[in-house]
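*Asks:* File protein.csv follows (CSV, C-alpha atoms):
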```
chain,number,residue,atom,x,y,z
W,1,MET,CA,9.2,42.8,-19.3
W,2,LYS,CA,6.2,43.0,-17.1
W,3,LEU,CA,4.5,39.7,-16.2
W,4,GLY,CA,0.8,39.2,-16.5
W,5,ALA,CA,-1.3,38.3,-13.5
W,6,ASP,CA,-1.5,34.6,-14.6
W,7,GLU,CA,2.2,34.4,-15.1
W,8,ARG,CA,3.0,36.1,-11.7
W,9,TYR,CA,0.6,33.7,-10.0
W,10,ARG,CA,2.2,30.7,-11.7
W,11,GLY,CA,5.7,31.8,-10.6
W,12,VAL,CA,4.7,32.4,-7.0
W,13,ALA,CA,2.7,29.2,-6.8
W,14,ARG,CA,5.8,27.3,-7.9
W,15,LEU,CA,7.8,28.9,-5.1
W,16,ARG,CA,5.2,28.0,-2.6
W,17,ALA,CA,5.0,24.4,-3.9
W,18,ALA,CA,8.8,24.2,-3.4
W,19,GLY,CA,8.4,25.2,0.3
W,20,ILE,CA,9.1,28.9,0.1
W,21,PRO,CA,6.4,30.7,2.2
W,22,ILE,CA,5.4,33.6,-0.1
W,23,PRO,CA,1.9,35.0,0.4
W,24,LEU,CA,0.0,35.0,-2.8
W,25,GLU,CA,-1.9,38.1,-2.2
W,26,ASN,CA,1.3,40.2,-2.0
W,27,HIS,CA,2.3,39.4,-5.6
W,28,PHE,CA,-0.8,39.8,-7.7
W,29,SER,CA,-4.0,41.7,-7.3
W,30,LYS,CA,-6.1,39.5,-9.6
W,31,LYS,CA,-6.6,35.8,-9.4
W,32,PRO,CA,-6.5,33.8,-12.6
W,33,ASP,CA,-9.9,33.8,-14.3
W,34,LEU,CA,-10.0,30.0,-13.9
W,35,LEU,CA,-8.4,28.8,-10.7
W,36,VAL,CA,-7.9,25.2,-9.6
W,37,GLU,CA,-7.6,24.5,-5.8
W,38,SER,CA,-6.8,21.2,-4.2
W,39,LEU,CA,-9.2,20.0,-1.5
W,40,GLU,CA,-8.7,17.4,1.2
W,41,GLY,CA,-8.3,13.9,0.0
W,42,SER,CA,-6.3,14.6,-3.2
W,43,LEU,CA,-3.8,11.7,-3.8
W,44,ALA,CA,-0.8,11.0,-6.0
W,45,LEU,CA,-0.8,7.2,-6.1
W,46,ASP,CA,2.5,5.4,-6.8
W,47,LEU,CA,2.0,2.3,-8.9
W,48,THR,CA,4.3,-0.6,-10.0
W,49,MET,CA,4.1,0.9,-13.4
W,50,GLY,CA,3.7,4.7,-13.6
W,51,SER,CA,1.4,6.7,-11.3
W,52,GLU,CA,-2.2,7.6,-10.8
W,53,TYR,CA,-3.9,10.7,-9.6
W,54,LEU,CA,-7.2,11.2,-7.7
W,55,LEU,CA,-7.6,15.0,-7.4
W,56,ASN,CA,-10.3,16.4,-5.3
W,57,VAL,CA,-10.5,19.9,-6.5
W,58,ARG,CA,-12.5,23.1,-6.8
W,59,ILE,CA,-12.5,25.0,-10.2
W,60,SER,CA,-13.5,28.6,-9.8
W,61,ASN,CA,-14.5,31.2,-12.5
W,62,ASN,CA,-13.1,34.5,-11.2
W,63,SER,CA,-14.0,36.5,-14.3
W,64,TYR,CA,-17.1,38.6,-15.1
W,65,GLY,CA,-18.3,36.3,-17.8
W,66,ASN,CA,-19.2,32.6,-18.3
W,67,LEU,CA,-16.3,30.4,-19.2
W,68,MET,CA,-16.2,27.0,-20.9
W,69,LEU,CA,-13.2,24.6,-20.6
W,70,GLU,CA,-11.9,23.6,-24.0
W,71,GLU,CA,-8.9,21.7,-22.8
W,72,LEU,CA,-7.3,20.5,-19.5
W,73,ARG,CA,-3.6,19.6,-19.3
W,74,GLY,CA,-1.6,18.6,-16.3
W,75,ARG,CA,2.0,17.6,-15.4
W,76,PHE,CA,4.2,16.9,-12.5
W,77,LEU,CA,5.9,20.2,-11.8
W,78,GLY,CA,9.6,20.1,-12.7
W,79,HIS,CA,9.3,17.0,-14.9
W,80,ALA,CA,8.7,16.5,-18.6
W,81,TRP,CA,6.0,13.9,-18.5
W,82,ASN,CA,2.3,14.9,-18.7
W,83,LEU,CA,-0.9,13.5,-17.1
W,84,THR,CA,-3.5,11.7,-19.1
W,85,PHE,CA,-7.1,12.4,-17.9
W,86,GLN,CA,-9.6,9.6,-18.1
W,87,GLY,CA,-12.3,9.6,-20.6
W,88,ASP,CA,-16.0,9.2,-19.9
W,89,PRO,CA,-16.6,5.5,-19.3
W,90,LYS,CA,-20.3,5.9,-20.4
W,91,GLU,CA,-19.1,6.4,-23.9
W,92,HIS,CA,-18.5,2.6,-24.1
W,93,ASP,CA,-20.9,1.5,-21.3
W,94,PRO,CA,-24.0,3.8,-20.9
W,95,GLU,CA,-25.0,1.9,-17.7
W,96,ARG,CA,-21.7,2.5,-16.0
W,97,LYS,CA,-22.0,4.1,-12.6
W,98,THR,CA,-18.3,4.4,-11.6
W,99,TYR,CA,-15.0,5.4,-13.0
W,100,PRO,CA,-12.6,2.5,-12.8
W,101,MET,CA,-9.0,3.3,-11.9
W,102,LEU,CA,-5.7,1.4,-12.5
W,103,SER,CA,-5.2,1.1,-8.8
W,104,GLY,CA,-8.5,-0.9,-8.5
W,105,ARG,CA,-10.5,2.0,-7.1
W,106,CYS,CA,-13.9,2.7,-8.4
W,107,VAL,CA,-15.0,6.3,-8.1
W,108,PRO,CA,-18.7,7.2,-8.2
W,109,TYR,CA,-19.6,8.6,-11.6
W,110,GLU,CA,-21.4,11.7,-10.3
W,111,SER,CA,-18.4,12.8,-8.2
W,112,VAL,CA,-16.1,13.0,-11.2
W,113,LEU,CA,-15.5,16.2,-13.1
W,114,ASN,CA,-13.8,14.6,-16.1
W,115,HIS,CA,-17.0,14.4,-18.2
W,116,ARG,CA,-18.3,17.7,-16.8
W,117,LEU,CA,-15.4,19.9,-18.1
W,118,VAL,CA,-17.3,20.7,-21.2
W,119,ASP,CA,-20.0,22.4,-19.2
W,120,GLU,CA,-20.0,26.2,-18.8
W,121,ILE,CA,-19.0,27.7,-15.5
W,122,ALA,CA,-20.9,30.8,-14.6
W,123,ALA,CA,-19.1,33.9,-13.6
W,124,GLY,CA,-18.3,34.0,-9.9
W,125,THR,CA,-19.2,30.4,-9.3
W,126,SER,CA,-17.2,27.2,-8.9
W,127,ILE,CA,-17.6,23.4,-9.4
W,128,GLU,CA,-16.1,20.7,-7.1
W,129,GLY,CA,-15.3,17.1,-7.6
W,130,ASN,CA,-12.7,14.6,-8.6
W,131,LEU,CA,-10.3,14.8,-11.5
W,132,LEU,CA,-8.9,11.4,-12.5
W,133,ALA,CA,-5.6,11.1,-14.3
W,134,SER,CA,-2.7,8.8,-14.8
W,135,SER,CA,0.8,8.4,-16.3
W,136,ILE,CA,1.9,5.0,-17.6
W,137,THR,CA,5.6,5.9,-17.6
W,138,GLY,CA,5.8,8.8,-15.1
W,139,LYS,CA,6.9,7.6,-11.7
W,140,ILE,CA,6.7,9.8,-8.6
W,141,PRO,CA,10.3,10.8,-7.7
W,142,ARG,CA,11.8,8.8,-4.9
W,143,GLU,CA,12.6,11.8,-2.8
W,144,TYR,CA,8.9,12.2,-2.1
W,145,LEU,CA,8.1,9.8,0.7
W,146,HIS,CA,4.7,8.4,1.6
W,147,GLY,CA,2.6,11.2,3.0
W,148,ASP,CA,4.7,14.0,1.5
W,149,PHE,CA,3.1,16.6,-0.8
W,150,VAL,CA,4.0,16.9,-4.5
W,151,PRO,CA,3.4,19.9,-6.8
W,152,LEU,CA,1.2,19.4,-9.9
W,153,GLU,CA,0.5,22.0,-12.5
W,154,LEU,CA,-2.9,22.1,-14.1
W,155,ILE,CA,-3.5,24.3,-17.2
W,156,LEU,CA,-7.1,25.1,-18.2
W,157,THR,CA,-7.8,26.5,-21.6
W,158,ASP,CA,-11.1,28.4,-22.1
W,159,GLN,CA,-13.2,28.9,-25.2
W,160,TYR,CA,-11.2,32.0,-26.1
W,161,GLY,CA,-7.9,30.0,-26.2
W,162,ARG,CA,-6.6,31.6,-23.0
W,163,LYS,CA,-4.5,29.4,-20.8
W,164,HIS,CA,-5.0,29.5,-17.0
W,165,PRO,CA,-2.3,27.7,-15.0
W,166,SER,CA,-2.7,26.6,-11.4
W,167,VAL,CA,-0.3,24.8,-9.1
W,168,ILE,CA,-1.7,22.4,-6.5
W,169,GLU,CA,-0.2,20.2,-3.8
W,170,VAL,CA,-1.2,16.5,-3.6
W,171,ALA,CA,-0.4,13.9,-0.9
W,172,VAL,CA,1.8,10.9,-2.0
W,173,ASP,CA,0.3,7.5,-1.5
W,174,ARG,CA,2.9,4.7,-1.8
W,175,ILE,CA,0.9,1.9,-0.2
W,176,ALA,CA,0.8,-0.1,-3.5
W,177,THR,CA,4.6,-0.2,-3.8
W,178,MET,CA,5.8,-0.1,-0.2
W,179,ALA,CA,7.8,-3.1,0.8
W,180,LYS,CA,5.6,-5.6,2.7
W,181,PRO,CA,6.9,-6.8,6.1
W,182,LYS,CA,8.2,-10.3,6.1
W,183,LEU,CA,6.2,-12.7,8.2
W,184,PHE,CA,8.2,-15.3,10.0
W,185,SER,CA,6.3,-18.6,10.3
W,186,ARG,CA,6.4,-20.4,13.6
W,187,VAL,CA,8.6,-23.5,13.8
W,188,GLY,CA,6.1,-25.3,15.9
W,189,ARG,CA,2.8,-25.0,17.6
W,190,SER,CA,4.1,-25.2,21.2
W,191,LEU,CA,7.1,-25.0,23.4
W,192,TYR,CA,8.5,-28.1,21.8
W,193,GLY,CA,7.7,-27.0,18.2
W,194,GLY,CA,10.5,-28.0,15.8
W,195,PHE,CA,12.2,-30.2,18.4
W,196,PRO,CA,11.9,-34.0,19.2
W,197,ARG,CA,8.6,-34.7,20.9
W,198,PRO,CA,8.8,-34.7,24.7
W,199,PRO,CA,8.4,-38.0,26.6
W,200,GLU,CA,4.9,-39.0,27.3
W,201,PHE,CA,4.0,-40.7,30.6
W,202,ASP,CA,1.0,-42.9,31.3
W,203,HIS,CA,-0.3,-42.1,34.7
W,204,SER,CA,-3.2,-44.6,34.6
W,205,LEU,CA,-3.7,-47.4,37.1
W,206,LYS,CA,-2.9,-49.9,34.4
W,207,ALA,CA,0.6,-48.4,34.1
W,208,ARG,CA,1.2,-48.5,37.9
W,209,GLN,CA,0.1,-52.2,37.9
W,210,THR,CA,2.6,-52.9,35.1
W,211,ILE,CA,5.4,-51.4,37.0
W,212,ASP,CA,4.5,-52.8,40.5
W,213,LYS,CA,3.0,-56.1,39.2
W,214,LYS,CA,1.3,-56.5,42.7
W,215,THR,CA,-2.4,-56.2,43.5
W,216,ALA,CA,-3.8,-54.4,46.5
W,217,GLY,CA,-4.7,-57.7,48.0
W,218,GLU,CA,-1.2,-59.1,47.7
W,219,ILE,CA,0.3,-56.0,49.3
W,220,ALA,CA,-2.2,-56.2,52.3
W,221,GLU,CA,-1.4,-59.8,52.8
W,222,GLU,CA,2.4,-59.1,52.9
W,223,ASP,CA,1.8,-56.3,55.4
W,224,SER,CA,-0.2,-58.7,57.7
W,225,LYS,CA,2.5,-61.3,57.6
W,226,LEU,CA,5.1,-58.7,58.5
W,227,MET,CA,3.1,-57.4,61.5
W,228,LYS,CA,2.7,-61.0,62.8
W,229,ARG,CA,6.4,-61.6,62.6
W,230,LEU,CA,7.2,-58.4,64.4
W,231,THR,CA,4.7,-59.3,67.2
W,232,ALA,CA,6.1,-62.7,67.6
W,233,LEU,CA,9.6,-61.3,67.8
W,234,LEU,CA,8.7,-58.8,70.5
W,235,GLN,CA,7.1,-61.6,72.6
W,236,ARG,CA,10.3,-63.5,72.9
W,237,PRO,CA,11.7,-63.6,76.6
W,238,ASP,CA,15.2,-62.4,75.6
W,239,VAL,CA,13.8,-59.5,73.7
W,240,GLU,CA,11.5,-58.6,76.6
W,241,ALA,CA,14.4,-58.8,79.1
W,242,ALA,CA,16.5,-56.6,76.8
W,243,LEU,CA,13.7,-54.0,76.6
W,244,GLU,CA,13.1,-53.9,80.4
W,245,GLY,CA,16.9,-53.7,81.1
```
Take the structure in this file and express it as structure tokens.

*Replies:*
Amino acid sequence: MKLGADERYRGVARLRAAGIPIPLENHFSKKPDLLVESLEGSLALDLTMGSEYLLNVRISNNSYGNLMLEELRGRFLGHAWNLTFQGDPKEHDPERKTYPMLSGRCVPYESVLNHRLVDEIAAGTSIEGNLLASSITGKIPREYLHGDFVPLELILTDQYGRKHPSVIEVAVDRIATMAKPKLFSRVGRSLYGGFPRPPEFDHSLKARQTIDKKTAGEIAEEDSKLMKRLTALLQRPDVEAALEG
């Protein structure tokens, strides 16, 4: 059975997403009429419950006629669970200027494509912006580490009921669920923190007076008496004779 261009592209895209370097141009001569390409900044956000997707994409109309998107579906390639694309928040709040996300991000309304998918895409043109989606139960598989790229399949259905699948690669962001480093609190605020306080010494004059209990005048008086006694001793005749001998 001969595969159509869309099916061949889908198969080759899956192989490329799995890490097998197969040039796309060698396997089909015609791109899908509606092609989704991932641009820089696309993220697959791992959450405590489920996962969330901020997809910066380009949607191109490669056909010879204008096409309108009737439906958009997405899933994590190789897994059964599907993505749920966010609805237009202005349906409930006309003054809303952002799209709120489960992760706490707020994406500017004008940069999001979710509410613009009903617009017609002219032949040979493309639109760029963010597609916002989530999965309450679908977790990003553990084998994909923070910073790795995961394959997503997006299927666009045009106004004629034709399905146009594309496979894109999106960077994994596990910041919200990564284990936080443990912070060890300091035992004390100094070298002696957590231990008995070091002895404190009072070096003031009052402390020295307490230990010595003698004033400067008393010390000078004692020195004077000692010098007088030494002088008198040296003046004795027997001491002078001993020194001269």

*Asks:* Please list as a PyMOL selection string every residue within 8 Å of Val170 of chain W, counting only C-alpha atoms and excluding residues in the same chain fewer than 3 positions away.

*Replies:* chain W and resi 38+42-44+55+149-152

*Asks:* Determine, counting all atoms listed in the file, which protein, DNA and RNA residues have an atom within 10 Å of an atom of His79 of chain W; residues of the same chain fewer than 4 positions away are not included. Present the result as a count of residues only.

*Replies:* 5

*Asks:* Restricting the calculation to all atoms listed in the file: of W:Met49, W:Ile168, W:Leu54, W:Leu77, which residue gets closest to Pro100 of chain W?

*Replies:*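 Nearest to Pro100 of chain W: W:Leu54.
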
*Asks:* Have a look at atom CA of Val112 of chain W and atom CA of Met178 of chain W and let me know their distance in Å, one decimal.

*Replies:*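 Interatomic distance here is 27.8 Å.
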
*Asks:* Show me, as a short mmCIF file (atom, residue, chain, number, x, y, z; two decimals) with C-alpha atoms, keeping the file's coordinate frame, the residues that have an atom within 10 Å of Leu47 of chain W when counting all atoms listed in the file, minus same-chain residues fewer than 4 positions from it.

*Replies:*
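Dumped to out-v4.cif:
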```
data_model
loop_
_atom_site.label_atom_id
_atom_site.label_comp_id
_atom_site.auth_asym_id
_atom_site.auth_seq_id
_atom_site.Cartn_x
_atom_site.Cartn_y
_atom_site.Cartn_z
CA SER W 51 1.40 6.70 -11.30
CA GLU W 52 -2.20 7.60 -10.80
CA LEU W 102 -5.70 1.40 -12.50
CA SER W 103 -5.20 1.10 -8.80
CA SER W 134 -2.70 8.80 -14.80
CA SER W 135 0.80 8.40 -16.30
CA ILE W 136 1.90 5.00 -17.60
CA GLY W 138 5.80 8.80 -15.10
CA LYS W 139 6.90 7.60 -11.70
CA ILE W 140 6.70 9.80 -8.60
CA ASP W 173 0.30 7.50 -1.50
CA ARG W 174 2.90 4.70 -1.80
CA ILE W 175 0.90 1.90 -0.20
CA ALA W 176 0.80 -0.10 -3.50
CA THR W 177 4.60 -0.20 -3.80
CA MET W 178 5.80 -0.10 -0.20
#
```

*Asks:* At what distance in Å, to one decimal, does atom CA of Gly129 of chain W lie from atom CA of Leu34 of chain W?

*Replies:* 15.3 Å

*Asks:* Grab the atom CA of Gly41 of chain W to atom CA of Glu70 of chain W distance for me, in Å with one decimal place.

*Replies:*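 Spanning atom CA of Gly41 of chain W to atom CA of Glu70 of chain W is a straight-line distance of 26.1 Å.
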
*Asks:* Using all atoms listed in the file, pick whichever of W:Pro32, W:Ser60, W:Asp46, W:Leu83 has the shortest atom-to-atom distance to Ile127 of chain W.

*Replies:*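 Answer, going by the shortest atom-to-atom distance: W:Ser60.
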
*Asks:* Counting all atoms listed in the file, select every polymer residue within 12 Å of (-18.7, 16.8, -18.3) as defined in the file's coordinates, and provide the selection as a count of residues only.

*Replies:* 27

*Asks:* Would you mind listing what lies within 9 Å of Pro108 of chain W as a list in words, with all atoms listed in the file counted and same-chain residues fewer than 5 positions away left out?

*Replies:*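 What passes the distance filter is Lys97, Thr98, Tyr99 and Pro100 of chain W.
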
*Asks:* Contacts of Tyr64 of chain W at 10 Å or less, counting only C-alpha atoms, minus same-chain residues fewer than 6 places along, as a VMD selection string?

*Replies:* chain W and resid 33 122 to 124

*Asks:* Write a file of the selected residues as a PDB file, in the coordinates of the input, keeping C-alpha atoms.

*Replies:*
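result_20.pdb, written as the output of this step:
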```pdb
ATOM      1  CA  ASP W  33      -9.900  33.800 -14.300  1.00  0.00           C
ATOM      2  CA  ALA W 122     -20.900  30.800 -14.600  1.00  0.00           C
ATOM      3  CA  ALA W 123     -19.100  33.900 -13.600  1.00  0.00           C
ATOM      4  CA  GLY W 124     -18.300  34.000  -9.900  1.00  0.00           C
TER       5      GLY W 124
END
```

*Asks:* From the list W:Glu169, W:Glu95, W:Val57, W:Lys225, which residue is nearest Glu37 of chain W when using all atoms listed in the file?

*Replies:*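 Of W:Glu169, W:Glu95, W:Val57, W:Lys225, the one nearest Glu37 of chain W is W:Val57, counting all atoms listed in the file.
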
*Asks:* Would you mind telling me which residue in W:Thr137, W:Ser126, W:Asn82, W:Asn66 lies nearest to Gln159 of chain W when using all atoms listed in the file?

*Replies:* W:Asn66

*Asks:* Using all atoms listed in the file, pick whichever of W:Met101, W:Ala179, W:Val167, W:Leu39 has the shortest atom-to-atom distance to Glu153 of chain W.

*Replies:*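 Closest to Glu153 of chain W, using all atoms listed in the file: W:Val167.
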
*Asks:* From the block I gave, I'd like segment 47-87 of chain W written with N, CA and C atoms, as a short mmCIF file (atom, residue, chain, number, x, y, z; two decimals), in the first residue's frame.

*Replies:*
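Produced file out_34.cif, reproduced below:
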```
data_model
loop_
_atom_site.label_atom_id
_atom_site.label_comp_id
_atom_site.auth_asym_id
_atom_site.auth_seq_id
_atom_site.Cartn_x
_atom_site.Cartn_y
_atom_site.Cartn_z
N LEU W 47 4.45 19.57 35.99
CA LEU W 47 3.78 20.12 37.17
C LEU W 47 3.57 19.03 38.21
N THR W 48 3.23 19.44 39.43
CA THR W 48 2.95 18.47 40.48
C THR W 48 1.82 17.53 40.07
N MET W 49 0.82 18.10 39.43
CA MET W 49 -0.28 17.30 38.88
C MET W 49 -0.35 17.55 37.38
N GLY W 50 -0.01 16.55 36.59
CA GLY W 50 -0.10 16.69 35.15
C GLY W 50 1.05 17.46 34.54
N SER W 51 0.77 18.11 33.42
CA SER W 51 1.79 18.86 32.69
C SER W 51 1.13 19.98 31.91
N GLU W 52 1.93 20.93 31.48
CA GLU W 52 1.42 22.10 30.77
C GLU W 52 2.36 22.42 29.61
N TYR W 53 1.82 23.04 28.55
CA TYR W 53 2.60 23.22 27.33
C TYR W 53 2.45 24.64 26.81
N LEU W 54 3.59 25.28 26.65
CA LEU W 54 3.68 26.61 26.06
C LEU W 54 4.42 26.43 24.75
N LEU W 55 3.68 26.37 23.66
CA LEU W 55 4.24 26.02 22.36
C LEU W 55 4.34 27.27 21.48
N ASN W 56 5.55 27.68 21.22
CA ASN W 56 5.79 28.79 20.30
C ASN W 56 5.95 28.19 18.91
N VAL W 57 4.97 28.41 18.04
CA VAL W 57 4.92 27.66 16.78
C VAL W 57 4.65 28.58 15.58
N ARG W 58 4.92 27.99 14.44
CA ARG W 58 4.54 28.59 13.16
C ARG W 58 3.63 27.61 12.43
N ILE W 59 2.43 28.05 12.01
CA ILE W 59 1.50 27.22 11.25
C ILE W 59 1.47 27.75 9.82
N SER W 60 1.87 26.90 8.87
CA SER W 60 1.99 27.33 7.48
C SER W 60 0.95 26.62 6.60
N ASN W 61 0.41 27.37 5.66
CA ASN W 61 -0.51 26.82 4.67
C ASN W 61 0.29 26.63 3.38
N ASN W 62 0.62 25.38 3.06
CA ASN W 62 1.43 25.07 1.89
C ASN W 62 0.59 24.71 0.67
N SER W 63 -0.72 24.89 0.77
CA SER W 63 -1.61 24.53 -0.34
C SER W 63 -1.79 25.72 -1.28
N TYR W 64 -2.62 25.53 -2.30
CA TYR W 64 -2.90 26.59 -3.27
C TYR W 64 -4.21 27.31 -2.99
N GLY W 65 -4.82 26.97 -1.85
CA GLY W 65 -6.07 27.63 -1.50
C GLY W 65 -6.10 28.01 -0.03
N ASN W 66 -6.97 28.91 0.32
CA ASN W 66 -7.10 29.31 1.72
C ASN W 66 -7.67 28.16 2.54
N LEU W 67 -7.13 28.00 3.76
CA LEU W 67 -7.58 26.92 4.63
C LEU W 67 -7.99 27.48 5.99
N MET W 68 -9.01 26.88 6.55
CA MET W 68 -9.49 27.27 7.87
C MET W 68 -9.38 26.07 8.79
N LEU W 69 -8.95 26.33 10.02
CA LEU W 69 -8.78 25.25 10.99
C LEU W 69 -10.10 24.98 11.69
N GLU W 70 -10.58 23.76 11.53
CA GLU W 70 -11.83 23.38 12.19
C GLU W 70 -11.56 22.72 13.54
N GLU W 71 -10.41 22.10 13.67
CA GLU W 71 -10.10 21.37 14.91
C GLU W 71 -8.59 21.25 15.09
N LEU W 72 -8.15 21.29 16.35
CA LEU W 72 -6.74 21.09 16.69
C LEU W 72 -6.67 20.05 17.81
N ARG W 73 -5.92 19.01 17.57
CA ARG W 73 -5.70 18.00 18.60
C ARG W 73 -4.20 17.80 18.78
N GLY W 74 -3.83 17.40 19.98
CA GLY W 74 -2.42 17.17 20.26
C GLY W 74 -2.25 16.07 21.28
N ARG W 75 -1.11 15.40 21.22
CA ARG W 75 -0.82 14.36 22.20
C ARG W 75 0.68 14.18 22.33
N PHE W 76 1.06 13.59 23.45
CA PHE W 76 2.46 13.24 23.68
C PHE W 76 2.75 12.00 22.86
N LEU W 77 3.67 12.08 21.92
CA LEU W 77 3.91 10.99 20.98
C LEU W 77 4.30 9.71 21.73
N GLY W 78 3.61 8.61 21.42
CA GLY W 78 3.89 7.34 22.06
C GLY W 78 3.09 7.09 23.31
N HIS W 79 2.22 8.03 23.71
CA HIS W 79 1.39 7.86 24.90
C HIS W 79 -0.07 8.12 24.55
N ALA W 80 -0.95 7.54 25.35
CA ALA W 80 -2.38 7.56 25.02
C ALA W 80 -3.06 8.87 25.37
N TRP W 81 -2.50 9.64 26.31
CA TRP W 81 -3.23 10.81 26.74
C TRP W 81 -3.07 12.00 25.78
N ASN W 82 -4.13 12.79 25.71
CA ASN W 82 -4.18 13.93 24.79
C ASN W 82 -4.00 15.25 25.53
N LEU W 83 -3.72 16.28 24.77
CA LEU W 83 -3.60 17.63 25.30
C LEU W 83 -4.95 18.34 25.21
N THR W 84 -5.19 19.19 26.18
CA THR W 84 -6.39 20.03 26.16
C THR W 84 -5.95 21.47 25.93
N PHE W 85 -6.42 22.06 24.84
CA PHE W 85 -6.03 23.43 24.51
C PHE W 85 -6.95 24.42 25.21
N GLN W 86 -6.34 25.48 25.74
CA GLN W 86 -7.10 26.46 26.52
C GLN W 86 -8.09 27.23 25.66
N GLY W 87 -9.24 27.51 26.27
CA GLY W 87 -10.25 28.30 25.60
C GLY W 87 -9.95 29.79 25.73
#
```
